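This is structure32.json. It holds JSON, C-alpha atoms.
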```json
[["chain", "number", "residue", "atom", "x", "y", "z"],
["M", 185, "MET", "CA", 83.57, -35.66, -36.79],
["M", 186, "PHE", "CA", 85.11, -35.04, -40.22],
["M", 187, "ASP", "CA", 88.04, -32.61, -40.31],
["M", 188, "MET", "CA", 89.38, -31.34, -43.61],
["M", 189, "SER", "CA", 92.04, -28.65, -43.40],
["M", 190, "ILE", "CA", 94.20, -27.40, -46.25],
["M", 191, "LYS", "CA", 96.68, -24.64, -45.42],
["M", 192, "GLY", "CA", 99.71, -22.98, -46.95],
["M", 193, "TRP", "CA", 98.44, -23.01, -50.52],
["M", 194, "SER", "CA", 101.13, -22.33, -53.15],
["M", 195, "LEU", "CA", 101.52, -22.50, -56.92],
["M", 196, "ASP", "CA", 104.50, -24.40, -58.27],
["M", 197, "LYS", "CA", 105.03, -22.24, -61.38],
["M", 198, "ASP", "CA", 107.28, -24.79, -63.09],
["M", 199, "LEU", "CA", 104.92, -27.75, -62.65],
["M", 200, "GLN", "CA", 101.74, -25.65, -62.77],
["M", 201, "ILE", "CA", 100.24, -27.46, -59.77],
["M", 202, "ILE", "CA", 98.79, -26.24, -56.51],
["M", 203, "GLN", "CA", 100.44, -27.62, -53.38],
["M", 204, "ALA", "CA", 99.39, -27.30, -49.74],
["M", 205, "ASP", "CA", 99.52, -28.90, -46.30],
["M", 206, "VAL", "CA", 96.63, -31.35, -46.11],
["M", 207, "LEU", "CA", 95.00, -32.70, -42.96],
["M", 208, "MET", "CA", 92.10, -35.14, -43.25],
["M", 209, "ALA", "CA", 90.78, -36.84, -40.13],
["M", 210, "VAL", "CA", 87.66, -38.65, -39.03],
["M", 211, "ASP", "CA", 87.06, -38.78, -35.30],
["M", 212, "ASP", "CA", 90.42, -39.81, -33.78],
["M", 213, "SER", "CA", 91.84, -41.26, -36.99],
["M", 214, "ILE", "CA", 94.22, -39.10, -39.01],
["M", 215, "ILE", "CA", 93.96, -40.21, -42.63],
["M", 216, "ILE", "CA", 96.27, -37.62, -44.22],
["M", 217, "GLU", "CA", 98.70, -35.16, -42.67],
["M", 218, "GLU", "CA", 101.35, -33.97, -45.12],
["M", 219, "PRO", "CA", 102.19, -31.55, -47.94],
["M", 220, "LEU", "CA", 100.56, -32.68, -51.20],
["M", 221, "CYS", "CA", 99.35, -31.58, -54.61],
["M", 222, "VAL", "CA", 95.70, -30.60, -54.20],
["M", 223, "ASP", "CA", 94.50, -29.50, -57.64],
["M", 224, "VAL", "CA", 94.96, -32.72, -59.66],
["M", 225, "GLY", "CA", 92.41, -34.59, -57.54],
["M", 226, "LEU", "CA", 90.24, -31.63, -56.51],
["M", 227, "PRO", "CA", 87.57, -32.20, -59.19],
["M", 228, "ALA", "CA", 87.22, -35.83, -58.04],
["M", 229, "PHE", "CA", 87.06, -34.73, -54.40],
["M", 230, "LEU", "CA", 84.27, -32.24, -55.18],
["M", 231, "TYR", "CA", 82.48, -34.82, -57.35],
["M", 232, "SER", "CA", 82.47, -37.19, -54.37],
["M", 233, "ALA", "CA", 80.15, -34.81, -52.48],
["M", 234, "LEU", "CA", 77.54, -35.44, -55.19],
["M", 235, "HIS", "CA", 78.20, -38.97, -56.47],
["M", 236, "ASP", "CA", 79.71, -42.31, -55.52],
["M", 237, "THR", "CA", 83.34, -42.55, -56.62],
["M", 238, "THR", "CA", 85.80, -45.29, -57.44],
["M", 239, "PRO", "CA", 89.39, -44.18, -58.11],
["M", 240, "ASN", "CA", 91.75, -45.12, -60.90],
["M", 241, "ARG", "CA", 95.05, -43.27, -60.54],
["M", 242, "PHE", "CA", 96.11, -44.63, -63.93],
["M", 243, "ALA", "CA", 93.17, -43.04, -65.79],
["M", 244, "PRO", "CA", 93.85, -40.25, -68.31],
["M", 245, "ALA", "CA", 93.45, -36.62, -67.15],
["M", 246, "ASP", "CA", 90.08, -36.22, -68.88],
["M", 247, "GLN", "CA", 88.67, -38.88, -66.55],
["M", 248, "TRP", "CA", 89.12, -36.41, -63.69],
["M", 249, "GLU", "CA", 86.38, -37.98, -61.55],
["M", 250, "ARG", "CA", 88.59, -41.08, -61.13],
["M", 251, "MET", "CA", 91.72, -39.33, -59.81],
["M", 252, "PRO", "CA", 92.97, -39.81, -56.25],
["M", 253, "PHE", "CA", 91.73, -36.89, -54.14],
["M", 254, "PHE", "CA", 95.26, -35.85, -53.17],
["M", 255, "VAL", "CA", 98.50, -36.81, -54.88],
["M", 256, "CYS", "CA", 102.25, -36.58, -54.40],
["M", 257, "GLY", "CA", 103.73, -33.10, -54.26],
["M", 258, "CYS", "CA", 105.06, -33.67, -57.81],
["M", 259, "GLY", "CA", 101.48, -33.70, -59.13],
["M", 260, "ASP", "CA", 101.68, -37.14, -60.77],
["M", 261, "PRO", "CA", 98.81, -39.41, -59.63],
["M", 262, "GLU", "CA", 100.79, -42.50, -60.69],
["M", 263, "CYS", "CA", 103.61, -41.53, -58.31],
["M", 264, "ARG", "CA", 101.72, -41.57, -55.01],
["M", 265, "GLY", "CA", 98.24, -40.62, -54.03],
["M", 266, "PHE", "CA", 95.49, -40.88, -51.47],
["M", 267, "SER", "CA", 92.64, -42.73, -53.11],
["M", 268, "PHE", "CA", 89.14, -43.11, -51.72],
["M", 269, "VAL", "CA", 85.95, -44.91, -52.55],
["M", 270, "VAL", "CA", 82.95, -42.83, -51.58],
["M", 271, "ARG", "CA", 79.46, -44.28, -51.26],
["M", 272, "HIS", "CA", 76.37, -42.21, -50.51],
["M", 273, "LEU", "CA", 74.08, -44.26, -48.28],
["M", 274, "ALA", "CA", 70.33, -43.98, -47.84],
["M", 275, "ASP", "CA", 70.53, -42.75, -44.23],
["M", 276, "GLU", "CA", 72.20, -39.43, -45.20],
["M", 277, "GLN", "CA", 75.65, -40.83, -44.50],
["M", 278, "VAL", "CA", 78.75, -40.95, -46.65],
["M", 279, "GLU", "CA", 80.98, -43.99, -46.43],
["M", 280, "LEU", "CA", 84.58, -42.89, -47.01],
["M", 281, "ALA", "CA", 86.97, -45.78, -47.59],
["M", 282, "SER", "CA", 90.67, -45.15, -48.07],
["M", 283, "VAL", "CA", 92.02, -47.65, -50.57],
["M", 284, "GLU", "CA", 95.30, -48.89, -51.93],
["M", 285, "GLU", "CA", 95.09, -49.07, -55.70],
["M", 286, "ARG", "CA", 96.71, -51.73, -57.83],
["M", 287, "SER", "CA", 97.83, -51.35, -61.45],
["M", 288, "ASN", "CA", 95.28, -53.94, -62.63],
["M", 289, "GLY", "CA", 92.35, -51.67, -61.68],
["M", 290, "THR", "CA", 91.52, -53.34, -58.38],
["M", 291, "TYR", "CA", 92.01, -51.92, -54.92],
["M", 292, "ARG", "CA", 92.25, -52.99, -51.30],
["M", 293, "GLU", "CA", 90.20, -51.14, -48.67],
["M", 294, "LEU", "CA", 92.36, -49.94, -45.79],
["M", 295, "GLU", "CA", 89.91, -48.20, -43.47],
["M", 296, "THR", "CA", 86.31, -47.05, -43.70],
["M", 297, "HIS", "CA", 84.57, -44.17, -41.98],
["M", 298, "MET", "CA", 80.96, -43.03, -41.80],
["M", 299, "ILE", "CA", 80.39, -39.27, -42.11],
["M", 300, "PRO", "CA", 77.09, -37.34, -42.14],
["M", 301, "SER", "CA", 76.47, -36.28, -45.76],
["M", 302, "LEU", "CA", 75.82, -32.66, -44.87],
["M", 303, "GLU", "CA", 79.07, -32.35, -42.92],
["M", 304, "TYR", "CA", 81.04, -34.00, -45.74],
["M", 305, "SER", "CA", 79.53, -31.74, -48.41],
["M", 306, "LYS", "CA", 80.20, -28.56, -46.44],
["M", 307, "LYS", "CA", 83.87, -29.44, -45.84],
["M", 308, "VAL", "CA", 84.43, -30.46, -49.46],
["M", 309, "LEU", "CA", 82.71, -27.28, -50.68],
["M", 310, "ALA", "CA", 84.97, -25.13, -48.48],
["M", 311, "VAL", "CA", 88.04, -26.64, -50.15],
["M", 312, "GLY", "CA", 86.63, -25.91, -53.62],
["M", 313, "GLU", "CA", 85.82, -22.32, -52.70],
["M", 314, "THR", "CA", 89.27, -21.77, -51.19],
["M", 315, "TYR", "CA", 90.89, -23.12, -54.36],
["M", 316, "LEU", "CA", 88.86, -20.79, -56.58],
["M", 317, "ALA", "CA", 89.77, -17.78, -54.42],
["M", 318, "PHE", "CA", 93.44, -18.80, -54.42],
["M", 319, "ILE", "CA", 93.83, -19.21, -58.20],
["M", 320, "LYS", "CA", 91.75, -16.16, -59.12],
["M", 321, "ASP", "CA", 94.66, -13.85, -60.00],
["M", 322, "LEU", "CA", 97.33, -16.44, -60.81],
["M", 323, "ASP", "CA", 98.91, -17.29, -64.16],
["M", 324, "TYR", "CA", 97.81, -20.91, -63.75],
["M", 325, "ARG", "CA", 97.70, -23.47, -66.57],
["M", 326, "PRO", "CA", 96.95, -26.92, -65.14],
["M", 327, "TYR", "CA", 97.69, -30.10, -67.12],
["M", 328, "PHE", "CA", 93.96, -30.81, -67.36],
["M", 329, "GLY", "CA", 92.97, -27.55, -69.02],
["M", 330, "GLU", "CA", 89.36, -27.70, -67.85],
["M", 331, "THR", "CA", 90.23, -27.95, -64.14],
["M", 332, "VAL", "CA", 88.98, -24.48, -63.19],
["M", 333, "LYS", "CA", 85.75, -24.80, -65.18],
["M", 334, "VAL", "CA", 85.02, -28.25, -63.73],
["M", 335, "VAL", "CA", 85.71, -27.00, -60.18],
["M", 336, "GLU", "CA", 83.44, -23.98, -60.70],
["M", 337, "ASP", "CA", 80.64, -26.21, -62.01],
["M", 338, "LEU", "CA", 80.98, -28.68, -59.13],
["M", 339, "VAL", "CA", 81.10, -25.93, -56.50],
["M", 340, "HIS", "CA", 77.87, -24.56, -57.99],
["M", 341, "GLN", "CA", 76.25, -28.03, -57.92],
["M", 342, "ILE", "CA", 77.22, -28.58, -54.28],
["M", 343, "HIS", "CA", 75.76, -25.17, -53.38],
["M", 344, "GLN", "CA", 72.52, -26.20, -55.12],
["M", 345, "GLN", "CA", 72.48, -29.51, -53.26],
["M", 346, "LEU", "CA", 72.99, -27.81, -49.88],
["M", 347, "ARG", "CA", 70.20, -25.30, -50.57],
["M", 348, "SER", "CA", 67.75, -28.11, -51.28],
["M", 349, "GLU", "CA", 68.47, -29.86, -47.98]]
```

Spell out the structure here as structure tokens.
Amino acid sequence: MFDMSIKGWSLDKDLQIIQADVLMAVDDSIIIEEPLCVDVGLPAFLYSALHDTTPNRFAPADQWERMPFFVCGCGDPECRGFSFVVRHLADEQVELASVEERSNGTYRELETHMIPSLEYSKKVLAVGETYLAFIKDLDYRPYFGETVKVVEDLVHQIHQQLRSE
């Protein structure tokens, strides 16, 4: 079972980042359980429901699909992040591998989990929808200026994917 829970959403007005308490678990393994910045890596997280991903926390902001899914509460992906490789397999499974990135572009896999694709997509979609509802009336200017547009587009694509299944 894949559990993805993000609670206590808040906007840091000075840093212009969204922070929240993140819990990510697969079966009995807790992968993340701490307060983090959720918006920097949110486009990459949503993208992972549709495509294979390989992170690069040192990539520029316009390479949003390479960001760690969740980063340090300061919002800087180079500071500390939770990076994942996601592979979509032929048997309607998603392979989620948490990885430790290195500055030379390589990474070391720490643990790997198999998740039904449908379950993964629904949980990821719920996070995207919650984000859009949260920021709706905020004076929010993220570092990557296209964050909201990209999230809206990806949420729409995931909805389309789920309707076709």

*Hey, what's within 10 Å of Leu234 (chain M) if we count only C-alpha atoms and toss same-chain stuff fewer than 6 positions away? As a PyMOL selection string, please?*
chain M and resi 270-272+301+305+338+341-342+345

With C-alpha atoms retained, export the selected residues as a short mmCIF file (atom, residue, chain, number, x, y, z; two decimals), in the frame of the given file.
```cif
data_model
loop_
_atom_site.label_atom_id
_atom_site.label_comp_id
_atom_site.auth_asym_id
_atom_site.auth_seq_id
_atom_site.Cartn_x
_atom_site.Cartn_y
_atom_site.Cartn_z
CA VAL M 270 82.95 -42.83 -51.58
CA ARG M 271 79.46 -44.28 -51.26
CA HIS M 272 76.37 -42.21 -50.51
CA SER M 301 76.47 -36.28 -45.76
CA SER M 305 79.53 -31.74 -48.41
CA LEU M 338 80.98 -28.68 -59.13
CA GLN M 341 76.25 -28.03 -57.92
CA ILE M 342 77.22 -28.58 -54.28
CA GLN M 345 72.48 -29.51 -53.26
#
```

Mind running region 257-285 of chain M against region 192-208 of chain M at 9 Å and telling me each contacting residue's nearest atom pair with the distance in Å (one decimal), counting only C-alpha atoms, chain and number ascending, as a Markdown table?
```
| residue | atom | partner | partner_atom | distance |
| --- | --- | --- | --- | --- |
| M:Gly257 | CA | M:Gln203 | CA | 6.5 |
| M:Cys258 | CA | M:Leu199 | CA | 7.6 |
| M:Gly259 | CA | M:Ile201 | CA | 6.4 |
```

Could you dump the residues just selected with C-alpha atoms as a compact mmCIF listing (two decimals), keeping the file's coordinate frame?
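Saved file out16.txt follows:
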```txt
# COMPACT_ATOMS: atom_id res chain seq x y z
CA GLY M 257 103.73 -33.10 -54.26
CA CYS M 258 105.06 -33.67 -57.81
CA GLY M 259 101.48 -33.70 -59.13
```

*Nearest to Val311 (chain M): which of M:Thr238, M:Gln247, M:Ser189, M:Asn288 is it, counting only C-alpha atoms?*
M:Ser189

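Pairwise distance (CA of Thr290 (chain M), CA of Pro252 (chain M)) equals 13.8 Å.
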
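As for CA of Met185 (chain M) and CA of Glu349 (chain M), they are spaced 19.7 Å apart.
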
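Across M:Phe242, M:Phe186, M:Phe268, M:Tyr315, the tightest approach to Asp212 (chain M) is made by M:Phe186 when counting all atoms listed in the file.
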
Which residues, written as an mmCIF file with C-alpha atoms, keeping the file's coordinate frame, have at least one atom at most 12 Å from Glu330 (chain M), with all atoms listed in the file counted and residues fewer than 5 positions away on the same chain left out?
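Below is the file around_6.cif, written as the result:
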```cif
data_model
loop_
_atom_site.group_PDB
_atom_site.id
_atom_site.type_symbol
_atom_site.label_atom_id
_atom_site.label_comp_id
_atom_site.auth_asym_id
_atom_site.auth_seq_id
_atom_site.Cartn_x
_atom_site.Cartn_y
_atom_site.Cartn_z
ATOM 1 C CA ASP M 223 94.500 -29.500 -57.640
ATOM 2 C CA VAL M 224 94.960 -32.720 -59.660
ATOM 3 C CA PRO M 227 87.570 -32.200 -59.190
ATOM 4 C CA ALA M 245 93.450 -36.620 -67.150
ATOM 5 C CA ASP M 246 90.080 -36.220 -68.880
ATOM 6 C CA GLN M 247 88.670 -38.880 -66.550
ATOM 7 C CA TRP M 248 89.120 -36.410 -63.690
ATOM 8 C CA TYR M 324 97.810 -20.910 -63.750
ATOM 9 C CA ARG M 325 97.700 -23.470 -66.570
ATOM 10 C CA VAL M 335 85.710 -27.000 -60.180
ATOM 11 C CA GLU M 336 83.440 -23.980 -60.700
ATOM 12 C CA ASP M 337 80.640 -26.210 -62.010
#
```
